[in-house]
Structure formats: C-alpha cells, structure tokens
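Q: The structure file work-v3.cif (mmCIF, C-alpha atoms) is provided below.
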data_my_file
#
loop_
_atom_site.label_atom_id
_atom_site.label_comp_id
_atom_site.auth_asym_id
_atom_site.auth_seq_id
_atom_site.Cartn_x
_atom_site.Cartn_y
_atom_site.Cartn_z
CA MET A 325 0.00 0.00 0.00
CA ASN A 326 1.52 3.31 -1.12
CA PRO A 327 -0.97 5.97 -0.04
CA ASP A 328 -1.06 9.33 -1.73
CA THR A 329 -1.07 11.79 1.14
CA SER A 330 -1.14 14.92 -0.97
CA SER A 331 -4.02 17.22 -0.14
CA GLY A 332 -6.75 16.11 -2.53
CA GLN A 333 -9.66 17.36 -0.45
CA ASN A 334 -10.17 20.71 1.17
CA PHE A 335 -11.91 21.87 4.29
CA SER A 336 -15.14 23.78 3.80
CA TYR A 337 -13.64 26.78 5.59
CA SER A 338 -10.16 28.24 5.77
CA PHE A 339 -8.44 28.37 9.14
CA ALA A 340 -8.72 32.17 9.04
CA GLU A 341 -12.48 31.88 8.56
CA LEU A 342 -12.76 29.65 11.64
CA GLN A 343 -10.78 32.24 13.58
CA GLN A 344 -13.17 34.94 12.42
CA VAL A 345 -16.18 32.90 13.52
CA ALA A 346 -14.59 32.44 16.95
CA ASN A 347 -13.90 36.19 17.18
CA ASN A 348 -17.49 36.96 16.23
CA ILE A 349 -18.74 34.70 19.01
CA LEU A 350 -16.56 36.41 21.62
CA ASN A 351 -17.63 39.87 20.46
CA HIS A 352 -21.34 39.00 20.47
CA ALA A 353 -21.04 37.49 23.95
CA LYS A 354 -19.31 40.59 25.33
CA ARG A 355 -21.94 42.91 23.83
CA GLY A 356 -24.65 40.67 25.26
CA GLY A 357 -23.38 41.08 28.82
CA ALA A 358 -21.06 38.09 29.28
CA THR A 359 -18.19 38.69 31.69
CA ALA A 360 -16.24 35.84 30.07
CA CYS A 361 -16.64 33.58 27.07
CA GLU A 362 -15.01 30.67 25.25
CA ALA A 363 -15.71 29.26 21.81
CA ASN A 364 -14.78 26.14 19.89
CA VAL A 365 -15.26 26.07 16.12
CA SER A 366 -14.54 23.00 13.97
CA ASP A 367 -14.73 21.75 10.41
CA GLY A 368 -14.03 18.28 9.02
CA PHE A 369 -14.52 15.78 6.22
CA GLY A 370 -14.17 12.04 5.75
CA LEU A 371 -14.80 8.94 3.69
CA ASN A 372 -15.76 5.46 4.88
CA VAL A 373 -16.07 2.48 2.54
CA THR A 374 -17.23 -1.00 3.60
CA VAL A 375 -17.26 -4.12 1.46
CA ARG A 376 -18.75 -7.49 2.34
CA GLN A 377 -18.27 -10.68 0.34
CA ASN A 378 -16.32 -8.58 -2.20
CA ALA A 379 -19.38 -6.38 -2.87
CA VAL A 380 -19.65 -2.74 -1.87
CA GLU A 381 -21.94 -2.42 1.13
CA THR A 382 -21.60 1.25 2.07
CA ILE A 383 -19.91 4.38 0.78
CA GLU A 384 -20.17 7.29 3.17
CA HIS A 385 -18.89 10.81 2.62
CA ASN A 386 -19.18 13.25 5.47
CA ARG A 387 -18.60 16.94 5.93
CA ASP A 388 -19.10 18.21 9.45
CA LYS A 389 -18.91 21.60 11.05
CA GLY A 390 -19.97 22.96 14.39
CA LEU A 391 -19.47 25.63 16.97
CA SER A 392 -19.94 25.65 20.71
CA VAL A 393 -20.09 28.73 22.91
CA THR A 394 -19.84 28.88 26.69
CA VAL A 395 -20.57 32.17 28.42
CA TYR A 396 -20.19 33.28 32.02
CA ILE A 397 -22.12 36.02 33.76
CA GLY A 398 -20.14 36.25 36.93
CA GLN A 399 -20.05 32.62 37.96
CA LYS A 400 -23.21 31.62 36.18
CA ARG A 401 -22.54 29.45 33.15
CA GLY A 402 -24.48 28.84 29.93
CA ASN A 403 -23.64 26.77 26.87
CA ALA A 404 -25.16 26.40 23.42
CA SER A 405 -24.07 24.96 20.07
CA THR A 406 -25.03 24.89 16.40
CA SER A 407 -23.82 23.63 13.04
CA ASP A 408 -24.88 26.86 11.29
CA PHE A 409 -22.12 29.45 10.84
CA SER A 410 -24.35 32.24 9.51
CA PRO A 411 -24.26 35.57 11.39
CA GLN A 412 -27.85 35.17 12.51
CA ALA A 413 -27.20 31.63 13.81
CA ILE A 414 -24.16 32.86 15.74
CA ASN A 415 -26.25 35.65 17.27
CA ASP A 416 -29.00 33.21 18.21
CA THR A 417 -26.58 30.68 19.70
CA VAL A 418 -24.81 33.27 21.83
CA ALA A 419 -28.20 34.62 22.95
CA ALA A 420 -29.29 31.12 23.93
CA ALA A 421 -26.13 30.60 25.99
CA LEU A 422 -26.62 33.95 27.72
CA SER A 423 -30.25 33.12 28.50
CA ILE A 424 -29.21 29.81 30.06
CA ALA A 425 -26.53 31.54 32.14
CA ARG A 426 -28.99 34.12 33.48
CA HIS A 427 -31.28 31.36 34.71
CA THR A 428 -28.54 29.18 36.18
CA ALA A 429 -27.42 29.16 39.80
CA GLU A 430 -24.01 30.55 40.62
CA ASP A 431 -21.18 28.05 40.91
CA ASN A 432 -18.03 29.32 42.62
CA CYS A 433 -15.91 26.86 40.65
CA ALA A 434 -17.18 27.92 37.23
CA GLY A 435 -15.04 30.04 34.93
CA LEU A 436 -12.31 30.08 32.34
CA ALA A 437 -8.93 28.50 32.85
CA GLU A 438 -6.24 30.29 34.84
CA ALA A 439 -4.57 32.79 32.49
CA ASN A 440 -1.04 31.87 33.58
CA LEU A 441 -1.60 28.24 32.51
CA LEU A 442 -2.65 29.02 28.93
CA ALA A 443 -0.40 27.86 26.10
CA THR A 444 1.91 30.49 24.62
CA THR A 445 3.89 28.29 22.23
CA PHE A 446 2.45 25.91 19.66
CA PRO A 447 4.95 23.29 18.46
CA ASP A 448 4.09 21.39 15.28
CA LEU A 449 3.26 17.82 16.37
CA ASP A 450 2.88 16.50 12.80
CA LEU A 451 -0.76 15.54 13.31
CA TYR A 452 -2.12 16.34 9.87
CA HIS A 453 -1.60 13.88 7.01
CA PRO A 454 -4.49 14.07 4.55
CA TRP A 455 -5.00 10.90 2.51
CA ASN A 456 -6.16 11.58 -1.03
CA LEU A 457 -7.95 8.28 -1.51
CA PRO A 458 -10.49 8.06 -4.34
CA VAL A 459 -13.58 5.95 -3.64
CA GLU A 460 -12.52 3.33 -6.20
CA ALA A 461 -9.13 2.93 -4.53
CA ALA A 462 -10.74 2.67 -1.08
CA ILE A 463 -13.05 -0.08 -2.36
CA GLU A 464 -10.09 -1.96 -3.82
CA LEU A 465 -8.15 -1.74 -0.54
CA ALA A 466 -11.14 -3.01 1.45
CA GLN A 467 -11.64 -5.88 -1.02
CA ARG A 468 -7.99 -6.87 -0.74
CA CYS A 469 -8.20 -6.80 3.04
CA GLU A 470 -11.28 -9.01 3.14
CA ALA A 471 -9.91 -11.39 0.50
CA GLU A 472 -6.78 -11.93 2.57
CA ALA A 473 -8.93 -12.87 5.58
CA LEU A 474 -11.16 -15.24 3.62
CA VAL A 475 -8.27 -17.32 2.22
CA VAL A 476 -6.68 -17.95 5.62
CA ASP A 477 -8.71 -21.13 6.12
CA LYS A 478 -11.52 -22.88 4.28
CA ARG A 479 -13.54 -22.84 7.51
CA ILE A 480 -13.95 -19.08 7.12
CA THR A 481 -17.36 -19.09 5.47
CA ASN A 482 -18.69 -15.58 5.93
CA SER A 483 -17.66 -12.01 6.49
CA GLU A 484 -18.88 -9.05 8.48
CA GLY A 485 -16.94 -6.87 6.10
CA ALA A 486 -13.77 -4.84 5.70
CA SER A 487 -13.68 -1.06 5.99
CA VAL A 488 -11.33 1.74 5.04
CA SER A 489 -11.86 5.08 6.74
CA VAL A 490 -10.26 8.44 5.94
CA GLY A 491 -10.77 11.53 8.08
CA ALA A 492 -9.47 15.03 8.68
CA SER A 493 -10.62 17.97 10.78
CA GLN A 494 -9.47 21.36 12.01
CA PHE A 495 -10.53 23.48 14.97
CA VAL A 496 -10.08 26.81 16.65
CA TYR A 497 -10.48 27.38 20.38
CA ALA A 498 -10.64 30.95 21.68
CA ASN A 499 -11.55 32.65 24.93
CA SER A 500 -11.96 36.16 26.27
CA LEU A 501 -8.61 36.02 28.06
CA GLY A 502 -7.03 36.64 24.67
CA PHE A 503 -6.21 33.03 23.85
CA MET A 504 -6.75 31.66 20.35
CA GLY A 505 -5.27 28.49 18.93
CA GLY A 506 -5.99 25.51 16.75
CA TYR A 507 -4.67 23.19 14.08
CA PRO A 508 -5.69 20.45 11.65
CA VAL A 509 -5.53 16.72 12.44
CA SER A 510 -6.10 13.52 10.50
CA ARG A 511 -7.10 9.98 11.45
CA HIS A 512 -7.32 6.96 9.15
CA SER A 513 -8.13 3.30 9.77
CA ILE A 514 -8.50 -0.16 8.22
CA SER A 515 -10.57 -2.95 9.77
CA CYS A 516 -11.82 -6.43 8.97
CA ALA A 517 -14.09 -9.01 10.68
CA VAL A 518 -14.87 -12.52 9.43
CA ILE A 519 -16.82 -15.59 10.57
CA ALA A 520 -15.62 -19.19 10.68
CA SER A 521 -17.72 -22.31 11.17
CA GLU A 522 -17.01 -25.90 12.06
CA ALA A 523 -19.73 -28.50 12.63
CA ASP A 524 -22.48 -26.50 14.37
CA MET A 525 -20.11 -23.93 15.88
CA MET A 526 -19.50 -20.41 14.56
CA GLN A 527 -16.94 -17.87 15.72
CA ARG A 528 -15.97 -14.34 14.71
CA ASP A 529 -13.03 -12.08 15.34
CA TYR A 530 -11.51 -8.96 13.85
CA TRP A 531 -8.44 -6.79 13.53
CA PHE A 532 -7.88 -3.14 12.80
CA SER A 533 -5.20 -0.50 12.47
CA VAL A 534 -5.44 3.26 13.04
CA ALA A 535 -2.96 6.10 12.49
CA ARG A 536 -2.63 9.81 11.78
CA ASP A 537 -0.63 9.05 8.64
CA ALA A 538 -1.77 6.38 6.16
CA HIS A 539 1.88 5.35 5.75
CA ASP A 540 1.85 4.23 9.40
CA LEU A 541 -1.14 1.88 9.04
CA GLU A 542 -0.48 -1.84 9.07
CA GLN A 543 -0.26 -3.35 5.60
CA ILE A 544 -3.71 -4.05 4.24
CA GLU A 545 -2.96 -7.75 3.77
CA ALA A 546 -1.66 -8.05 7.34
CA VAL A 547 -4.89 -6.65 8.78
CA GLY A 548 -6.98 -9.17 6.81
CA LYS A 549 -4.69 -12.09 7.62
CA LYS A 550 -4.74 -11.35 11.36
CA ALA A 551 -8.54 -11.11 11.33
CA GLY A 552 -8.74 -14.50 9.64
CA MET A 553 -6.19 -16.20 11.88
CA ARG A 554 -7.78 -14.88 15.06
CA THR A 555 -11.21 -16.07 13.94
CA VAL A 556 -10.07 -19.61 13.08
CA ALA A 557 -8.17 -19.87 16.37
CA ARG A 558 -11.47 -19.54 18.24
CA LEU A 559 -13.03 -22.65 16.70
CA GLY A 560 -13.49 -25.53 19.10
CA ALA A 561 -13.98 -23.27 22.09
CA LYS A 562 -14.74 -25.02 25.36
CA LYS A 563 -16.19 -24.04 28.73
CA LEU A 564 -14.13 -23.96 31.90
CA SER A 565 -14.83 -25.10 35.41
CA THR A 566 -14.76 -22.28 37.95
CA CYS A 567 -11.24 -21.65 39.19
CA GLU A 568 -8.90 -18.99 40.55
CA VAL A 569 -5.89 -18.54 38.27
CA PRO A 570 -3.58 -15.90 36.76
CA VAL A 571 -5.16 -13.91 33.93
CA LEU A 572 -3.30 -12.37 31.00
CA PHE A 573 -5.03 -9.46 29.27
CA GLU A 574 -3.96 -9.29 25.64
CA ALA A 575 -2.46 -5.91 24.66
CA PRO A 576 -5.55 -4.53 22.86
CA LEU A 577 -7.59 -5.16 26.04
CA ALA A 578 -4.96 -4.29 28.62
CA SER A 579 -5.41 -0.58 27.97
CA SER A 580 -8.95 -0.89 29.37
CA LEU A 581 -7.45 -1.67 32.79
CA ILE A 582 -5.37 1.49 32.56
CA GLY A 583 -8.55 3.31 31.53
CA HIS A 584 -10.38 2.23 34.70
CA MET A 585 -7.45 3.42 36.80
CA VAL A 586 -7.29 6.75 34.96
CA SER A 587 -11.00 7.29 35.48
CA ALA A 588 -10.57 6.67 39.20
CA ILE A 589 -7.89 9.37 39.52
CA SER A 590 -9.71 11.88 37.31
CA GLY A 591 -11.31 15.03 38.67
CA GLY A 592 -14.98 14.20 38.17
CA SER A 593 -14.73 10.91 40.06
CA LEU A 594 -12.60 12.45 42.79
CA TYR A 595 -14.65 15.51 43.69
CA ARG A 596 -17.86 13.47 43.55
CA LYS A 597 -16.16 10.90 45.81
CA SER A 598 -17.19 8.15 43.41
CA SER A 599 -13.76 6.56 43.00
CA PHE A 600 -12.08 3.49 44.42
CA LEU A 601 -8.82 5.49 44.46
CA LEU A 602 -9.77 8.52 46.56
CA ASP A 603 -6.90 10.51 48.11
CA SER A 604 -4.35 8.37 46.30
CA ILE A 605 -1.60 10.97 45.78
CA GLY A 606 1.54 9.54 47.37
CA LYS A 607 0.02 6.08 47.70
CA GLN A 608 1.20 2.95 45.96
CA ILE A 609 -1.42 1.41 43.67
CA LEU A 610 0.83 -0.49 41.23
CA PRO A 611 3.90 -2.67 41.79
CA SER A 612 7.09 -0.70 42.44
CA ASP A 613 8.64 -1.45 39.04
CA ILE A 614 5.79 0.14 37.03
CA GLN A 615 5.62 3.70 35.74
CA LEU A 616 2.89 5.66 33.95
CA HIS A 617 3.84 8.80 32.04
CA GLU A 618 1.83 11.28 30.01
CA ARG A 619 3.57 12.39 26.80
CA PRO A 620 1.30 14.86 24.95
CA HIS A 621 3.88 16.01 22.41
CA ILE A 622 4.68 12.74 20.62
CA PRO A 623 4.84 13.46 16.86
CA LYS A 624 1.87 11.85 15.07
CA GLY A 625 0.49 10.66 18.42
CA LEU A 626 -3.17 9.67 18.40
CA ALA A 627 -3.73 11.71 21.57
CA SER A 628 -1.09 14.40 21.08
CA CYS A 629 -1.99 18.07 21.53
CA THR A 630 -0.25 21.32 22.39
CA PHE A 631 -3.09 22.52 24.61
CA ASP A 632 -6.22 21.03 26.13
CA GLU A 633 -9.86 21.97 25.48
CA GLU A 634 -9.52 25.02 27.74
CA GLY A 635 -6.33 26.32 26.12
CA ILE A 636 -4.07 25.13 28.93
CA ALA A 637 -0.60 24.11 27.79
CA THR A 638 0.06 20.39 27.91
CA LYS A 639 3.34 19.02 29.22
CA ASP A 640 5.07 15.76 29.98
CA ARG A 641 4.05 14.42 33.37
CA SER A 642 4.85 11.49 35.60
CA ILE A 643 1.48 10.12 36.73
CA ILE A 644 2.75 7.04 38.55
CA GLU A 645 6.36 6.61 39.60
CA ASN A 646 7.55 3.31 41.06
CA GLY A 647 3.91 2.36 41.52
CA VAL A 648 3.10 5.53 43.50
CA VAL A 649 0.53 8.09 42.30
CA GLN A 650 2.13 11.46 41.57
CA GLY A 651 -0.75 13.35 39.98
CA TYR A 652 -4.40 13.38 38.95
CA PHE A 653 -6.19 14.23 35.69
CA LEU A 654 -7.94 17.57 36.20
CA ASN A 655 -9.67 20.26 34.19
CA SER A 656 -10.19 23.73 35.64
CA TYR A 657 -13.58 22.98 37.19
CA SER A 658 -12.61 19.75 38.92
CA ALA A 659 -9.32 21.30 40.05
CA ARG A 660 -11.19 24.12 41.78
CA LYS A 661 -13.55 21.63 43.36
CA LEU A 662 -10.52 19.89 44.85
CA GLY A 663 -8.57 23.03 45.72
CA LEU A 664 -5.91 22.22 43.12
CA HIS A 665 -4.78 23.47 39.70
CA SER A 666 -5.68 22.12 36.28
CA THR A 667 -3.31 19.49 34.90
CA GLY A 668 -4.18 20.29 31.28
CA ASN A 669 -6.56 17.37 30.91
CA ALA A 670 -9.78 19.08 29.86
CA GLY A 671 -11.03 16.68 27.21
CA GLY A 672 -9.04 13.66 28.40
CA ASN A 673 -5.55 12.27 28.73
CA HIS A 674 -2.74 12.59 26.23
CA ASN A 675 -0.63 9.58 25.25
CA LEU A 676 -0.33 7.61 28.49
CA ILE A 677 2.57 5.18 28.39
CA LEU A 678 2.75 2.29 30.87
CA SER A 679 6.18 0.80 31.32
CA CYS A 680 8.06 -1.46 33.70
CA ALA A 681 11.67 -2.22 34.52
CA GLU A 682 11.73 -5.50 32.60
CA PRO A 683 8.99 -5.75 29.94
CA LEU A 684 8.40 -9.27 28.62
CA GLY A 685 7.57 -10.53 25.17
CA PHE A 686 4.17 -12.19 24.73
CA GLU A 687 5.60 -15.72 24.77
CA ALA A 688 7.56 -14.90 27.93
CA LEU A 689 4.35 -13.70 29.61
CA LEU A 690 2.70 -17.02 28.78
CA LYS A 691 5.66 -18.88 30.29
CA LYS A 692 5.53 -16.71 33.41
CA MET A 693 1.81 -17.39 33.79
CA ASN A 694 2.36 -21.14 33.24
CA ARG A 695 -1.29 -22.09 33.82
CA GLY A 696 -4.22 -19.73 33.52
CA LEU A 697 -6.41 -17.70 31.20
CA LEU A 698 -5.46 -15.51 28.24
CA VAL A 699 -8.27 -13.01 27.62
CA THR A 700 -8.73 -11.78 24.05
CA GLU A 701 -12.26 -10.36 24.25
CA LEU A 702 -14.30 -8.73 27.01
CA LEU A 703 -18.09 -8.56 27.11
CA GLY A 704 -20.47 -6.40 29.14
CA HIS A 705 -19.77 -3.47 31.43
CA GLY A 706 -19.64 -4.91 34.94
CA VAL A 707 -17.21 -2.41 36.45
CA ASN A 708 -18.08 -0.40 39.56
CA GLY A 709 -15.95 2.74 39.65
CA VAL A 710 -16.88 3.46 43.27
CA THR A 711 -15.90 0.14 44.82
CA GLY A 712 -13.56 -1.15 42.11
CA ASP A 713 -15.52 -4.38 41.79
CA TYR A 714 -14.85 -5.92 38.39
CA SER A 715 -16.89 -8.63 36.67
CA ARG A 716 -17.03 -9.07 32.91
CA GLY A 717 -17.83 -11.76 30.41
CA ALA A 718 -14.78 -12.97 28.54
CA MET A 719 -13.44 -15.14 25.76
CA GLY A 720 -9.91 -16.29 25.16
CA PHE A 721 -7.62 -19.27 25.56
CA TRP A 722 -6.65 -21.68 28.31
CA VAL A 723 -2.91 -21.78 28.90
CA GLU A 724 -1.15 -24.88 30.22
CA ASN A 725 2.59 -25.25 30.86
CA GLY A 726 3.18 -21.80 29.38
CA GLU A 727 1.56 -22.60 26.04
CA ILE A 728 -1.83 -21.83 24.55
CA GLY A 729 -3.94 -24.96 24.84
CA TYR A 730 -7.44 -24.37 23.50
CA PRO A 731 -10.02 -21.58 23.07
CA VAL A 732 -12.59 -20.95 25.81
CA GLU A 733 -15.92 -19.11 25.93
CA GLU A 734 -18.93 -18.43 28.14
CA ILE A 735 -16.83 -17.46 31.14
CA THR A 736 -16.77 -14.53 33.54
CA ILE A 737 -13.67 -13.04 35.12
CA ALA A 738 -14.04 -11.24 38.44
CA GLY A 739 -11.96 -9.37 40.99
CA ASN A 740 -11.44 -5.91 42.45
CA LEU A 741 -9.53 -3.32 40.44
CA LYS A 742 -7.47 -2.13 43.39
CA VAL A 743 -6.33 -5.71 44.04
CA MET A 744 -5.89 -6.39 40.32
CA LEU A 745 -3.69 -3.33 39.77
CA SER A 746 -1.48 -4.14 42.74
CA GLY A 747 -1.36 -7.74 41.53
CA ILE A 748 0.23 -7.02 38.14
CA ILE A 749 3.18 -9.39 37.78
CA GLY A 750 4.08 -8.79 34.17
CA VAL A 751 3.83 -6.08 31.50
CA GLY A 752 4.41 -6.94 27.87
CA SER A 753 6.60 -5.31 25.26
CA ASP A 754 3.91 -6.10 22.63
CA VAL A 755 2.49 -2.57 22.54
CA ILE A 756 -0.28 -1.86 19.99
CA ILE A 757 -1.09 1.84 19.64
CA ARG A 758 -4.76 2.48 18.95
CA GLY A 759 -5.63 5.42 21.16
CA SER A 760 -4.55 7.52 24.13
CA LYS A 761 -3.26 4.64 26.26
CA GLN A 762 -0.18 2.66 25.27
CA CYS A 763 0.73 -0.58 26.99
CA GLY A 764 1.55 -4.17 26.21
CA SER A 765 -0.26 -7.23 27.55
CA ILE A 766 -0.79 -7.22 31.33
CA LEU A 767 -0.54 -10.29 33.55
CA ILE A 768 -2.57 -10.31 36.79
CA ASP A 769 -1.45 -12.76 39.48
CA ARG A 770 -4.91 -14.12 40.32
CA MET A 771 -8.59 -13.64 39.42
CA MET A 772 -11.76 -15.68 39.74
CA VAL A 773 -12.78 -17.33 36.48
CA ALA A 774 -16.39 -18.48 36.62
CA GLY A 775 -17.48 -21.14 34.18
CA LEU A 776 -19.39 -24.38 34.60
#
Produce structure tokens that represent the structure in this file.
A:
Amino acid sequence: MNPDTSSGQNFSYSFAELQQVANNILNHAKRGGATACEANVSDGFGLNVTVRQNAVETIEHNRDKGLSVTVYIGQKRGNASTSDFSPQAINDTVAAALSIARHTAEDNCAGLAEANLLATTFPDLDLYHPWNLPVEAAIELAQRCEAEALVVDKRITNSEGASVSVGASQFVYANSLGFMGGYPVSRHSISCAVIASEADMMQRDYWFSVARDAHDLEQIEAVGKKAGMRTVARLGAKKLSTCEVPVLFEAPLASSLIGHMVSAISGGSLYRKSSFLLDSIGKQILPSDIQLHERPHIPKGLASCTFDEEGIATKDRSIIENGVVQGYFLNSYSARKLGLHSTGNAGGNHNLILSCAEPLGFEALLKKMNRGLLVTELLGHGVNGVTGDYSRGAMGFWVENGEIGYPVEEITIAGNLKVMLSGIIGVGSDVIIRGSKQCGSILIDRMMVAGL
C-alpha cells in the first residue's frame, strides 16, 4: 500500500475563517453582557467504505462543522451549540447561551482557565496527514483486506466486512482572556471481521489499524490475515470449570485496565467521591517497578496536543512513579472543586505510556503465567468505579505449561480493580497503539474465572 497523502480534499472553511467565527462569538457574547466567554469552532470531512463478500456495502462521505459557545455572567454558566455558521445563527446561539446563564445558579468553581496556565507556544506535532484516496481505490483496498482474511482457512465461510476510513478535521479554540489556537488533524483506519464455522459452531473475530498518517497503518494484507487467523483460532472453544488462576489481558484489552485506573484518579470521580482510588496521591497502587507517564507532544500521536480543550498548555508528566501516584487528571472545574490546579486534561488524557523495569515478550508472559487464562475479548460493562468491583464476560484461551492450549468461551472473570492493579506481575513489550493509552499485555497474578 503506497498511499497518496497529498491534499486532494479541502476543508469547507479556511483556518482564518474559523478564527473569524470564533472572534465573532466572543464579540457577540461581550456585547450581550457576558463577563467571560469561550468558543470552539470546527470543520471536518471524511470517507468510509465497507465491502462485504467482495461487494460494496456502504460508501459514506461526510462533511461536518460545528461551533460551541460557553458564556459566564459572573459565575453563572451557559452553553449552546449549532452547526450553522451564519451571522444570525451565531447571534442566536450566543443569545441562547446567555439566556441559560442568566437562569442558572451561581457556581463558585465555574469560569475560564487560569490565564497563567494558557499555552503560549504551539509546536508542530505532525498531526495532519491528509489521505487523497479516491472511492474506487478505497473499495479496492477493502476488497484486498477481506480477501486476505477469507483465504486464511476454508472454515472461514462468511464475512462481516472490511472497511477503510479516511478523516481530517481542524478546529479553533478561543476565549476572552485573549487566547486563540488551533490546528488540523487527520485519522485513518482499516478494519476487517470474518466468521468461521465448524460443525455446528461459529466464531468471529476482527483486527484493525489506526494512524494519523496512512503510511503508518499496518499493511492491508496483514490486517486481513490477522482477522482470519484470530477467527479460526477460536473454533473448538470449550467451557471452563470455575477456578482462581492468573489472567493475562492481551495488549488490545490491557489498555482498558489502565482506563479504569485513569477514570478513578480523574477530577470528576474524585470531587464526587465516586472513585475506588480517593486521596491516592503519594500512595502505591501499582507494583514498584511500574511507571505511567503522560507524553502529549509525541509526533503523530493519536492523543497528542499542544493545549487542552480550555487552552491550557500540555506538558510531559509522571502520573505514577515506582507504583506511586504522583498526579491526577484535572480540568479547571474539577481542580477548583478539589482546591488544586488544572493538569491540562480538559477533554481527556494525552498519550499515556505504561512501562516497567523488565517488559516481557508475549511468549515470555505465557511462560511466566504457566497455567491460567489468556483473555482476548471482554463482554459487558460490569465495572463499579466506586468500589472497584470488576466482573465481565470474557473469551480467550486456556494456557497450560506456558503454552496456549485451546479456546474458551462463556466465562466470567471477576476481581477488584485495586487488588488487580497491585497484583500485576508482568507487562508486555507487545504494545499496539490504537488510542490515548499505550501498553503491552498485562498479567494479573490471580482472578476468579467463573465457568461451569
């Protein structure tokens, strides 16, 4: 695959036009009586093509635009949004936000970000790589991906389809403190899912790749082949008897464990006291050889940014050092609720990287586990963020003597997140980057596996 990343499509608006819209919003808000205001204006386009059984199933073009305005009258807050950029629509949207603010109770934590925390430099993070992919070429790529999956094994008898997605967007954020910034970004992906059958049993699995730059996507044939191989490997799945054993979360799923931990040390959960990790600064929640760092300025990073959704400058941070919590994830509002300062995480986290002193390859993790469960798919949402109780349906493979034995299904894995996190005994080097959290497979020392 040799993608043409020259700019073959254009945004509906120039960057200067988005800046002008943002300026208009701020001016209207000030004239309307707002003591402070912030605006976010965006514009984007994309293409998504899906084929199934070599036939085109969907072709979707999208062009999106929108603006959001938040006004403050003292410490009363109002917000409104629209997809119409006409002068009258901007007037009406600002008026709606002001009306909401006038009828809202005062909140002493409401307001813009602290001026001294706003970004003043804007390094180029190489986030924009438009992919000039004609529809015919996208169809051909999707067909090749699916074809590669279907020929893996004759037991693959059906397909849920293969998709190629191309996307780009740009935004401007501005506020009445004098801040204005923005930039374009791109995001492209390839995915495939197929179905295999044997006797009266059917199984499905999938694979996908995502990147800012189409050159960084996995090869189209590799995506299809992995989807096919993973699907066939599930055939012959058995049930397990209930047991308590080590559990290895495959890399694509391991990031969900980090996600639960991040949620528990994020502002909203903390000030509402709905977290199983309350008051955890300075406390050890992971083994002493594990670190978690935030790296928002990684070139081409899927969660890279120079400033957060409030204009606050992002910076490298150590979140967990030697297993000990060093910092939370806070926006301005939650920081004020907690008597702290924003950490530049309005809108989420930015490239979290979990590492350990001695990362292990996937095969080495299996050997270390010796006997237990490898989880490759999670089902349901049985996670209690307040207590940390964790119970989810799962599928995967039984491991015996450090080697994958046979596929398993219709099981539930259960534990408590605080115990699970402290019970990590292995972190893999098999990192797959698909979002804001980067980590390899994670081995937990012991969990309940409920089966027969």
Q: Written as a compact mmCIF listing (two decimals) with C-alpha atoms, in the frame of the given file, which residues does the PyMOL selection byres ((chain A and resi 556) around 12) give for the file shown?
A:
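For reference, expr_29.txt as written:
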# COMPACT_ATOMS: atom_id res chain seq x y z
CA ALA A 473 -8.93 -12.87 5.58
CA LEU A 474 -11.16 -15.24 3.62
CA VAL A 475 -8.27 -17.32 2.22
CA VAL A 476 -6.68 -17.95 5.62
CA ASP A 477 -8.71 -21.13 6.12
CA LYS A 478 -11.52 -22.88 4.28
CA ARG A 479 -13.54 -22.84 7.51
CA ILE A 480 -13.95 -19.08 7.12
CA THR A 481 -17.36 -19.09 5.47
CA ASN A 482 -18.69 -15.58 5.93
CA ALA A 517 -14.09 -9.01 10.68
CA VAL A 518 -14.87 -12.52 9.43
CA ILE A 519 -16.82 -15.59 10.57
CA ALA A 520 -15.62 -19.19 10.68
CA SER A 521 -17.72 -22.31 11.17
CA GLU A 522 -17.01 -25.90 12.06
CA MET A 525 -20.11 -23.93 15.88
CA MET A 526 -19.50 -20.41 14.56
CA GLN A 527 -16.94 -17.87 15.72
CA ARG A 528 -15.97 -14.34 14.71
CA ASP A 529 -13.03 -12.08 15.34
CA TYR A 530 -11.51 -8.96 13.85
CA LYS A 549 -4.69 -12.09 7.62
CA LYS A 550 -4.74 -11.35 11.36
CA ALA A 551 -8.54 -11.11 11.33
CA GLY A 552 -8.74 -14.50 9.64
CA MET A 553 -6.19 -16.20 11.88
CA ARG A 554 -7.78 -14.88 15.06
CA THR A 555 -11.21 -16.07 13.94
CA ALA A 557 -8.17 -19.87 16.37
CA ARG A 558 -11.47 -19.54 18.24
CA LEU A 559 -13.03 -22.65 16.70
CA GLY A 560 -13.49 -25.53 19.10
CA ALA A 561 -13.98 -23.27 22.09
CA TYR A 730 -7.44 -24.37 23.50
CA PRO A 731 -10.02 -21.58 23.07
Q: Starting from the PyMOL selection byres ((chain A and resi 396) around 12), expand the selection into actual residues of this file and give them as a VMD selection string.
A: chain A and resid 350 353 to 354 356 to 363 393 to 395 397 to 403 418 421 to 436 499 to 500
Q: Pick the closest to Asn386 in chain A from A:Ala437, A:Pro623, A:Ala492, A:Ser487: which is it, counting all atoms listed in the file?
A: A:Ala492
Q: Counting only C-alpha atoms, find residues at most 7 Å from (-6.9, -19.7, 34.4) (file frame) and give them as JSON, numbers by chain.
A: {"A": [567, 568, 569, 570, 571, 695, 696, 697, 722, 773]}
Q: Next, write the just-selected residues to a file, as a compact mmCIF listing (two decimals), in the frame of the given file, keeping C-alpha atoms as the atom set.
A:
# COMPACT_ATOMS: atom_id res chain seq x y z
CA CYS A 567 -11.24 -21.65 39.19
CA GLU A 568 -8.90 -18.99 40.55
CA VAL A 569 -5.89 -18.54 38.27
CA PRO A 570 -3.58 -15.90 36.76
CA VAL A 571 -5.16 -13.91 33.93
CA ARG A 695 -1.29 -22.09 33.82
CA GLY A 696 -4.22 -19.73 33.52
CA LEU A 697 -6.41 -17.70 31.20
CA TRP A 722 -6.65 -21.68 28.31
CA VAL A 773 -12.78 -17.33 36.48
Q: Could you tell me which residues the PyMOL selection byres ((chain A and resi 450) around 6) grabs in this file, written as a PDB file with C-alpha atoms, in the coordinates of the input?
A:
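Final output, saved to part-v9.pdb:
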ATOM      1  CA  ASP A 448       4.090  21.390  15.280  1.00  0.00           C
ATOM      2  CA  LEU A 449       3.260  17.820  16.370  1.00  0.00           C
ATOM      3  CA  LEU A 451      -0.760  15.540  13.310  1.00  0.00           C
ATOM      4  CA  TYR A 452      -2.120  16.340   9.870  1.00  0.00           C
ATOM      5  CA  PRO A 623       4.840  13.460  16.860  1.00  0.00           C
ATOM      6  CA  LYS A 624       1.870  11.850  15.070  1.00  0.00           C
TER       7      LYS A 624
END
Q: Calculated over all atoms listed in the file, which of the candidates A:Leu741, A:Val345, A:Ile756, A:Val723 has the smallest distance to Phe600 in chain A?
A: A:Leu741
Q: Here is a test: counting all atoms listed in the file, which residue of A:Gly720, A:Gly668, A:Pro411, A:Gly739 is nearest to Glu574 in chain A?
A: A:Gly720
